[in-house]
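Next comes model_16.cif, a file with mmCIF, C-alpha atoms.
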data_coords
#
loop_
_atom_site.label_atom_id
_atom_site.label_comp_id
_atom_site.auth_asym_id
_atom_site.auth_seq_id
_atom_site.Cartn_x
_atom_site.Cartn_y
_atom_site.Cartn_z
CA MET A 183 195.07 8.77 236.31
CA THR A 184 196.19 7.80 239.77
CA ARG A 185 198.44 9.97 241.88
CA ARG A 186 201.29 7.46 241.62
CA PHE A 187 201.03 7.36 237.85
CA LEU A 188 201.13 11.18 237.64
CA ILE A 189 204.19 11.29 239.90
CA LEU A 190 205.89 8.73 237.64
CA LEU A 191 205.15 10.85 234.54
CA ILE A 192 206.46 14.02 236.21
CA ALA A 193 209.60 12.20 237.41
CA LEU A 194 210.26 10.87 233.90
CA ALA A 195 209.79 14.37 232.45
CA LEU A 196 212.23 15.86 234.99
CA ILE A 197 214.99 13.30 234.31
CA SER A 198 214.43 13.26 230.54
CA PRO A 199 217.20 15.81 229.69
CA ILE A 200 219.80 13.54 231.32
CA PHE A 201 219.15 11.10 228.47
CA GLY A 202 217.72 13.28 225.72
CA VAL A 203 220.18 16.20 225.99
CA TRP A 204 223.20 15.57 228.21
CA LEU A 205 224.10 11.99 227.26
CA ALA A 206 222.98 12.67 223.69
CA ASN A 207 225.45 15.58 223.36
CA LEU A 208 228.15 13.54 225.08
CA ILE A 209 228.14 10.91 222.34
CA ASN A 210 227.07 13.23 219.49
CA TYR A 211 223.69 11.55 219.14
CA HIS A 212 221.69 11.17 215.95
CA GLU A 213 218.40 9.36 215.31
CA PRO A 214 219.07 5.87 213.86
CA LEU A 215 217.21 6.93 210.74
CA ASP A 216 219.50 9.98 210.35
CA VAL A 217 222.55 7.73 210.72
CA ALA A 218 221.20 5.44 208.00
CA ALA A 219 220.46 8.48 205.78
CA ASP A 220 224.01 9.81 206.27
CA LEU A 221 225.49 6.43 205.31
CA ILE A 222 223.33 6.32 202.20
CA ASN A 223 224.18 9.93 201.24
CA GLN A 224 227.89 9.23 201.76
CA ALA A 225 227.76 6.07 199.65
CA ALA A 226 226.02 7.96 196.86
CA ASN A 227 228.34 10.97 197.19
CA ARG A 228 225.30 13.28 196.94
CA THR A 229 222.16 14.08 198.92
CA VAL A 230 219.70 11.27 198.27
CA LEU A 231 217.65 11.49 201.44
CA ASN A 232 217.02 15.11 202.28
CA ASP A 233 215.54 16.01 205.64
CA THR A 234 213.51 19.21 205.05
CA ARG A 235 212.60 19.64 208.74
CA TYR A 236 214.35 22.99 209.24
CA ARG A 237 213.34 24.50 205.90
CA MET A 238 209.63 23.82 206.38
CA ASN A 239 208.98 24.28 210.07
CA TRP A 240 205.69 25.19 211.73
CA THR A 241 206.45 25.07 215.43
CA PRO A 242 208.64 27.07 217.85
CA PHE A 243 209.25 23.86 219.81
CA ILE A 244 211.10 21.98 217.05
CA ASP A 245 213.11 18.99 218.36
CA TYR A 246 211.85 19.54 221.91
CA THR A 247 213.45 22.98 222.32
CA VAL A 248 211.90 26.19 223.65
CA PRO A 249 213.13 29.52 222.21
CA GLY A 250 215.28 31.41 224.73
CA LEU A 251 215.79 28.44 227.04
CA PRO A 252 218.88 26.26 227.28
CA ASP A 253 218.40 22.82 225.70
CA TRP A 254 218.00 20.94 228.99
CA ALA A 255 215.32 23.33 230.30
CA GLY A 256 213.56 23.39 226.92
CA TYR A 257 213.48 19.60 226.96
CA ILE A 258 211.78 19.52 230.37
CA VAL A 259 209.31 22.25 229.35
CA SER A 260 208.59 20.30 226.13
CA ALA A 261 207.86 17.15 228.15
CA PHE A 262 205.41 19.12 230.28
CA ILE A 263 203.79 20.73 227.20
CA GLY A 264 203.16 17.23 225.81
CA LEU A 265 201.89 15.91 229.14
CA ALA A 266 199.62 18.97 229.52
CA ILE A 267 197.99 18.22 226.15
CA TYR A 268 197.21 14.63 227.21
CA PHE A 269 196.04 15.81 230.61
CA LEU A 270 193.64 18.33 229.02
CA LEU A 271 192.36 15.65 226.65
CA TYR A 272 191.85 13.28 229.57
CA THR A 273 190.10 15.89 231.69
CA ALA A 274 187.85 16.96 228.82
CA LEU A 275 186.91 13.36 228.15
CA VAL A 276 186.21 12.49 231.79
CA ARG A 277 184.11 15.64 232.16
CA TRP A 278 182.25 14.95 228.92
CA ARG A 279 181.48 11.42 230.11
CA HIS A 280 180.29 12.82 233.43
CA VAL A 281 177.96 15.33 231.71
CA LYS A 282 176.67 12.58 229.43
CA ARG A 283 175.96 10.25 232.36
CA THR A 284 174.27 12.84 234.56
CA GLY A 285 172.56 14.67 231.68
CA MET B 541 212.10 5.52 213.49
CA HIS B 542 210.33 8.85 212.83
CA ILE B 543 210.59 9.50 209.08
CA PRO B 544 210.97 13.27 208.47
CA ASP B 545 209.43 15.29 205.65
CA GLY B 546 211.44 15.03 202.46
CA TYR B 547 212.02 11.24 202.51
CA LEU B 548 208.82 10.16 200.75
CA ASP B 549 207.51 11.34 197.37
CA PRO B 550 203.92 12.71 197.14
CA ILE B 551 202.45 9.42 195.86
CA SER B 552 204.02 7.31 198.62
CA ALA B 553 202.92 9.92 201.15
CA GLY B 554 199.35 9.84 199.79
CA VAL B 555 199.19 6.05 199.77
CA THR B 556 200.51 5.75 203.33
CA TRP B 557 198.04 8.42 204.54
CA ALA B 558 195.18 6.53 202.86
CA VAL B 559 196.28 3.25 204.48
CA MET B 560 196.47 4.99 207.87
CA LEU B 561 192.95 6.41 207.53
CA ALA B 562 191.46 3.13 206.27
CA TYR B 563 193.12 1.11 209.04
CA GLY B 564 192.05 3.75 211.57
CA TYR B 565 188.43 3.33 210.53
CA TYR B 566 188.75 -0.47 210.73
CA ALA B 567 190.50 -0.28 214.14
CA TYR B 568 187.77 2.04 215.43
CA ARG B 569 185.10 -0.45 214.38
CA ARG B 570 187.01 -3.41 215.85
CA SER B 571 188.05 -1.85 219.16
CA GLU B 572 185.99 -0.77 222.12
CA LEU B 573 187.72 2.57 222.07
CA GLN B 574 185.05 4.37 224.09
CA LYS B 575 185.49 1.89 226.92
CA TYR B 576 189.28 2.16 227.03
CA MET B 577 189.65 5.84 226.10
CA GLU B 578 190.86 7.05 229.49
CA LEU B 579 193.43 4.27 229.74
CA ALA B 580 194.49 4.91 226.13
CA ILE B 581 195.16 8.62 226.81
CA SER B 582 197.08 7.78 230.02
CA LEU B 583 199.22 5.26 228.15
CA ALA B 584 199.80 7.77 225.32
CA ALA B 585 201.11 10.28 227.91
CA ALA B 586 203.42 7.63 229.38
CA ILE B 587 204.73 6.50 225.99
CA PHE B 588 205.23 10.13 224.89
CA VAL B 589 207.46 10.87 227.88
CA ALA B 590 209.18 7.46 227.71
CA GLN B 591 210.11 8.16 224.08
CA MET B 592 211.94 11.30 225.24
CA LEU B 593 214.36 9.14 227.25
CA ASN B 594 216.98 8.37 224.63
CA TRP B 595 219.57 5.85 225.76
CA PRO B 596 222.66 6.83 223.82
CA ILE B 597 224.90 4.06 222.59
CA PRO B 598 228.54 4.75 221.69
CA GLY B 599 228.89 5.30 217.97
CA GLY B 600 226.48 8.19 217.76
CA THR B 601 223.02 6.72 217.86
CA SER B 602 220.58 5.84 220.60
CA LEU B 603 217.78 3.64 221.73
CA HIS B 604 214.41 4.84 222.84
CA MET B 605 211.19 3.09 223.44
CA VAL B 606 208.42 3.00 220.82
CA GLY B 607 205.81 1.28 222.95
CA GLY B 608 203.74 -0.37 220.21
CA ALA B 609 204.06 -3.90 221.60
CA LEU B 610 203.43 -2.79 225.17
CA ALA B 611 200.28 -0.88 224.14
CA ALA B 612 199.05 -3.96 222.25
CA ILE B 613 199.68 -6.26 225.25
CA LEU B 614 197.85 -3.87 227.56
CA LEU B 615 194.98 -2.75 225.33
CA GLY B 616 194.91 -4.96 222.23
CA PRO B 617 196.31 -3.97 218.80
CA PHE B 618 193.34 -1.83 217.72
CA VAL B 619 193.21 0.46 220.75
CA ALA B 620 197.04 0.50 220.58
CA PHE B 621 196.69 2.12 217.14
CA PHE B 622 194.93 5.11 218.72
CA VAL B 623 197.48 5.27 221.57
CA LEU B 624 200.37 5.54 219.11
CA LEU B 625 198.36 7.90 216.87
CA LEU B 626 197.96 10.28 219.83
CA VAL B 627 201.69 10.06 220.59
CA LEU B 628 202.68 10.71 216.98
CA LEU B 629 200.20 13.58 216.50
CA VAL B 630 201.68 15.52 219.44
CA GLN B 631 205.27 14.70 218.40
CA THR B 632 204.64 15.76 214.80
CA LEU B 633 202.45 18.84 215.28
CA VAL B 634 204.04 20.34 218.39
CA PHE B 635 207.68 19.20 218.23
CA HIS B 636 208.17 18.45 214.51
CA ASP B 637 209.48 14.98 215.39
CA GLY B 638 208.43 13.18 212.19
CA GLY B 639 206.91 14.91 209.16
CA ILE B 640 203.36 15.76 208.15
CA THR B 641 203.73 14.13 204.72
CA THR B 642 205.27 11.08 206.41
CA LEU B 643 202.74 10.90 209.26
CA GLY B 644 200.88 8.10 207.45
CA ALA B 645 204.07 6.03 207.14
CA ASN B 646 205.11 6.71 210.74
CA VAL B 647 201.67 5.72 212.05
CA ILE B 648 201.74 2.55 209.93
CA ASN B 649 205.16 1.58 211.32
CA MET B 650 204.61 2.43 214.98
CA GLY B 651 200.82 2.23 215.30
CA VAL B 652 199.94 -0.65 212.98
CA VAL B 653 202.97 -2.88 212.28
CA ALA B 654 204.56 -2.68 215.76
CA PRO B 655 201.36 -3.41 217.76
CA LEU B 656 200.16 -6.17 215.40
CA THR B 657 203.59 -7.85 215.45
CA GLY B 658 203.94 -7.50 219.21
CA TYR B 659 200.41 -8.78 219.80
CA ALA B 660 200.92 -11.85 217.58
CA VAL B 661 204.29 -12.77 219.12
CA TYR B 662 203.03 -12.28 222.67
CA LYS B 663 199.91 -14.31 222.03
CA VAL B 664 201.84 -17.24 220.56
CA LEU B 665 204.64 -17.28 223.17
CA ARG B 666 202.73 -16.34 226.33
CA PRO B 667 201.51 -19.88 227.19
CA ARG B 668 204.95 -21.34 226.48
CA VAL B 669 207.56 -19.05 228.04
CA GLY B 670 205.73 -16.80 230.53
CA VAL B 671 205.04 -13.07 230.66
CA PHE B 672 208.56 -11.61 230.69
CA TRP B 673 210.11 -13.52 227.82
CA SER B 674 207.01 -13.39 225.64
CA ALA B 675 206.76 -9.61 226.18
CA PHE B 676 210.53 -9.31 225.56
CA ALA B 677 210.20 -11.17 222.25
CA ALA B 678 207.10 -9.11 221.37
CA GLY B 679 208.97 -5.84 221.99
CA TRP B 680 212.03 -6.95 220.02
CA ALA B 681 210.00 -8.28 217.07
CA SER B 682 207.75 -5.19 216.99
CA ILE B 683 210.72 -2.82 216.51
CA THR B 684 212.54 -5.06 214.05
CA VAL B 685 209.49 -5.56 211.82
CA ALA B 686 208.52 -1.86 212.11
CA GLY B 687 212.10 -0.98 211.05
CA ILE B 688 211.75 -3.28 208.04
CA ALA B 689 208.44 -1.56 207.18
CA ALA B 690 210.12 1.86 207.38
CA GLY B 691 212.93 0.56 205.15
CA LEU B 692 210.38 -0.69 202.63
CA GLU B 693 208.52 2.64 202.56
CA ILE B 694 211.73 4.61 202.00
CA GLY B 695 213.05 2.03 199.52
CA LEU B 696 209.87 1.91 197.45
CA SER B 697 209.65 5.71 197.20
CA PRO B 698 210.93 6.84 193.78
CA TRP B 699 212.96 9.57 195.54
CA PHE B 700 215.22 6.79 196.81
CA PRO B 701 217.18 5.55 193.78
CA TYR B 702 218.63 2.33 195.26
CA GLY B 703 215.43 0.47 195.99
CA TRP B 704 214.37 -1.51 198.99
CA THR B 705 217.20 -4.05 198.74
CA ILE B 706 219.49 -1.35 200.16
CA SER B 707 217.16 0.41 202.57
CA VAL B 708 215.57 -2.66 204.19
CA PRO B 709 218.78 -4.37 205.43
CA VAL B 710 220.11 -1.05 206.79
CA MET B 711 216.92 -0.34 208.71
CA ALA B 712 216.40 -3.95 209.80
CA GLY B 713 219.97 -4.24 211.13
CA TRP B 714 219.74 -1.08 213.20
CA HIS B 715 216.35 -1.84 214.59
CA ALA B 716 217.08 -5.48 215.47
CA LEU B 717 219.72 -4.03 217.78
CA LEU B 718 217.44 -1.30 219.14
CA GLY B 719 214.73 -3.89 219.67
CA LEU B 720 216.70 -5.49 222.53
CA VAL B 721 216.07 -2.47 224.76
CA GLU B 722 212.44 -2.24 223.63
CA GLY B 723 212.10 -5.93 224.51
CA ALA B 724 213.64 -5.48 227.96
CA ILE B 725 211.40 -2.51 228.84
CA THR B 726 208.28 -4.22 227.44
CA GLY B 727 209.14 -7.37 229.42
CA PHE B 728 209.69 -5.59 232.73
CA VAL B 729 206.59 -3.36 232.45
CA ALA B 730 204.34 -6.26 231.37
CA LEU B 731 205.69 -8.44 234.21
CA TYR B 732 205.27 -5.66 236.78
CA LEU B 733 201.71 -4.85 235.69
CA SER B 734 200.64 -8.49 235.44
CA LYS B 735 201.71 -8.94 239.08
CA ARG B 736 200.72 -5.60 240.60
CA ALA B 737 197.82 -4.43 238.45
CA PRO B 738 196.57 -7.33 236.29
CA GLU B 739 193.38 -5.41 235.50
CA TYR B 740 195.45 -3.26 233.11
CA VAL B 741 196.72 -6.24 231.09
CA ARG B 742 194.09 -7.28 228.59
CA LEU B 743 196.00 -10.04 226.86
#

Would you mind giving the structure from this file in structure tokens?
Amino acid sequence: MTRRFLILLIALALISPIFGVWLANLINYHEPLDVAADLINQAANRTVLNDTRYRMNWTPFIDYTVPGLPDWAGYIVSAFIGLAIYFLLYTALVRWRHVKRTG
Amino acid sequence: MHIPDGYLDPISAGVTWAVMLAYGYYAYRRSELQKYMELAISLAAAIFVAQMLNWPIPGGTSLHMVGGALAAILLGPFVAFFVLLLVLLVQTLVFHDGGITTLGANVINMGVVAPLTGYAVYKVLRPRVGVFWSAFAAGWASITVAGIAAGLEIGLSPWFPYGWTISVPVMAGWHALLGLVEGAITGFVALYLSKRAPEYVRL
């Protein structure tokens, strides 16, 4: 990962709430699939497609939120949590390759 | 595009998981994953964060990148499978974006159908219309066909009483629209990389 690439990733993470939270709230955003599900449920007049996400949840970071933080801050922290996972994977792999090469 | 838990019945979930695992094994055998692993993880990180940038469109929905076509143009469709698998695993396990039971279907749509479609379209058009427009068409087609695949999976599940004739047009219509932004981003990134860093563009 070059320095420029890392700066790009960090910049994208920092501006992500502008799109993912602020503009999304402004227009009352829903995933396209949720919109389709709502249309189908409305047409049927009952719940046909039932999203069980909130009833069976396993993570405190559901929907890119962090407990105790406002949505915009949670979104940025979530982006960095994701990036940290890939960075750790990358570092582990590079190190493993290095150990393998040098014995 | 991320199908949540509760949309697919256990049999559909099992079948889609089995297809994902079988295709994963095939992709592993066909790709030189070891050689491209570092690039694949870097691209997964970039696609993960790019997918967080939702572009809202008036009417209450939004567009965000999926990245399947771009990954296929840069790394080939089989390494692209692992790129999108990495993205979806983090989204599902850490942020509950997409379900566990539907992970197989989501990986099929975004990690199999989108890259294969994008790869095929790009390969056919690239000698005729140049990098930007072939990548644009690849991005658009990848999302539209992946949307159709998602519509089929939901429509064929017995939990959905109307069948695929209802679910496919709804999903295809939405995603053909969303695909325009995917196409534009795929086109610009492919054009930029082919000029500035052609070593990253395999196709």

Give me, as CSV, the closest atom pair and its distance (Å, one decimal) for every residue of chain B within a cut-off of 6 Å of chain A, counting only C-alpha atoms, rows sorted by chain and rising number.
residue,atom,partner,partner_atom,distance
B:Met541,CA,A:Leu215,CA,6.0
B:Asp545,CA,A:Thr234,CA,5.7
B:Gly546,CA,A:Asp233,CA,5.3
B:Tyr547,CA,A:Leu231,CA,5.7
B:Ala585,CA,A:Leu265,CA,5.8
B:Leu593,CA,A:Ser198,CA,5.3
B:Asn594,CA,A:Gly202,CA,5.1
B:Trp595,CA,A:Phe201,CA,5.9
B:Pro596,CA,A:Ala206,CA,5.9
B:Gly600,CA,A:Tyr211,CA,4.6
B:Thr601,CA,A:His212,CA,5.0
B:Phe635,CA,A:Ile244,CA,4.6
B:His636,CA,A:Ile244,CA,5.2

For this session: Quick one: pull the distance between CA of Phe700 in chain B and CA of Asp549 in chain B, Å, one decimal.
Result: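 Here the two named atoms are 9.0 Å from each other.
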
For this session: Please indicate the distance in Å from CA of Val661 in chain B to CA of Ala677 in chain B, rounded to one decimal place.
Result: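 Going from CA of Val661 in chain B over to CA of Ala677 in chain B covers 6.9 Å.
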
Show me a table, sorted first by chain and then by increasing residue number, of the residues of range 662-686 of chain B having an atom at most 8 Å from range 603-625 of chain B, each with its shortest atom pair and the distance in Å to one decimal, counting all atoms listed in the file and written as JSON lines.
{"residue": "B:Tyr662", "atom": "CA", "partner": "B:Ile613", "partner_atom": "CA", "distance": 7.4}
{"residue": "B:Ala675", "atom": "CA", "partner": "B:Leu610", "partner_atom": "CA", "distance": 7.7}
{"residue": "B:Ala678", "atom": "CA", "partner": "B:Ala609", "partner_atom": "CA", "distance": 6.0}
{"residue": "B:Gly679", "atom": "CA", "partner": "B:Ala609", "partner_atom": "CA", "distance": 5.3}
{"residue": "B:Ser682", "atom": "CA", "partner": "B:Ala609", "partner_atom": "CA", "distance": 6.0}
{"residue": "B:Ile683", "atom": "CA", "partner": "B:Val606", "partner_atom": "CA", "distance": 7.6}

Exercise. Could you name the residues that touch range 706-708 of chain B at 8 Å or less, counting all atoms listed in the file, but leaving out those on the same chain fewer than 5 positions away, as JSON, numbers by chain?
Worked result: {"B": [687, 688, 689, 690, 691, 692, 694, 695]}

With the input short on atoms, add N, CA and C atoms back to range 214-226 of chain A and write it as an mmCIF file, in the frame of the given file.
data_model
loop_
_atom_site.group_PDB
_atom_site.id
_atom_site.type_symbol
_atom_site.label_atom_id
_atom_site.label_comp_id
_atom_site.auth_asym_id
_atom_site.auth_seq_id
_atom_site.Cartn_x
_atom_site.Cartn_y
_atom_site.Cartn_z
ATOM 1 N N PRO A 214 218.592 6.975 214.709
ATOM 2 C CA PRO A 214 219.070 5.870 213.860
ATOM 3 C C PRO A 214 218.764 6.090 212.385
ATOM 4 N N LEU A 215 217.606 6.688 212.125
ATOM 5 C CA LEU A 215 217.210 6.930 210.740
ATOM 6 C C LEU A 215 218.147 7.955 210.080
ATOM 7 N N ASP A 216 218.574 8.977 210.872
ATOM 8 C CA ASP A 216 219.500 9.980 210.350
ATOM 9 C C ASP A 216 220.858 9.342 210.049
ATOM 10 N N VAL A 217 221.271 8.417 210.928
ATOM 11 C CA VAL A 217 222.550 7.730 210.720
ATOM 12 C C VAL A 217 222.497 6.937 209.414
ATOM 13 N N ALA A 218 221.385 6.224 209.230
ATOM 14 C CA ALA A 218 221.200 5.440 208.000
ATOM 15 C C ALA A 218 221.209 6.365 206.781
ATOM 16 N N ALA A 219 220.525 7.526 206.897
ATOM 17 C CA ALA A 219 220.460 8.480 205.780
ATOM 18 C C ALA A 219 221.853 9.004 205.454
ATOM 19 N N ASP A 220 222.642 9.316 206.502
ATOM 20 C CA ASP A 220 224.010 9.810 206.270
ATOM 21 C C ASP A 220 224.856 8.781 205.537
ATOM 22 N N LEU A 221 224.725 7.508 205.964
ATOM 23 C CA LEU A 221 225.490 6.430 205.310
ATOM 24 C C LEU A 221 225.128 6.344 203.833
ATOM 25 N N ILE A 222 223.806 6.432 203.575
ATOM 26 C CA ILE A 222 223.330 6.320 202.200
ATOM 27 C C ILE A 222 223.821 7.512 201.373
ATOM 28 N N ASN A 223 223.716 8.731 201.955
ATOM 29 C CA ASN A 223 224.180 9.930 201.240
ATOM 30 C C ASN A 223 225.677 9.870 200.960
ATOM 31 N N GLN A 224 226.430 9.346 201.941
ATOM 32 C CA GLN A 224 227.890 9.230 201.760
ATOM 33 C C GLN A 224 228.220 8.248 200.642
ATOM 34 N N ALA A 225 227.516 7.110 200.660
ATOM 35 C CA ALA A 225 227.760 6.070 199.650
ATOM 36 C C ALA A 225 227.448 6.599 198.262
ATOM 37 N N ALA A 226 226.422 7.447 198.172
ATOM 38 C CA ALA A 226 226.020 7.960 196.860
ATOM 39 C C ALA A 226 226.847 9.178 196.451
#
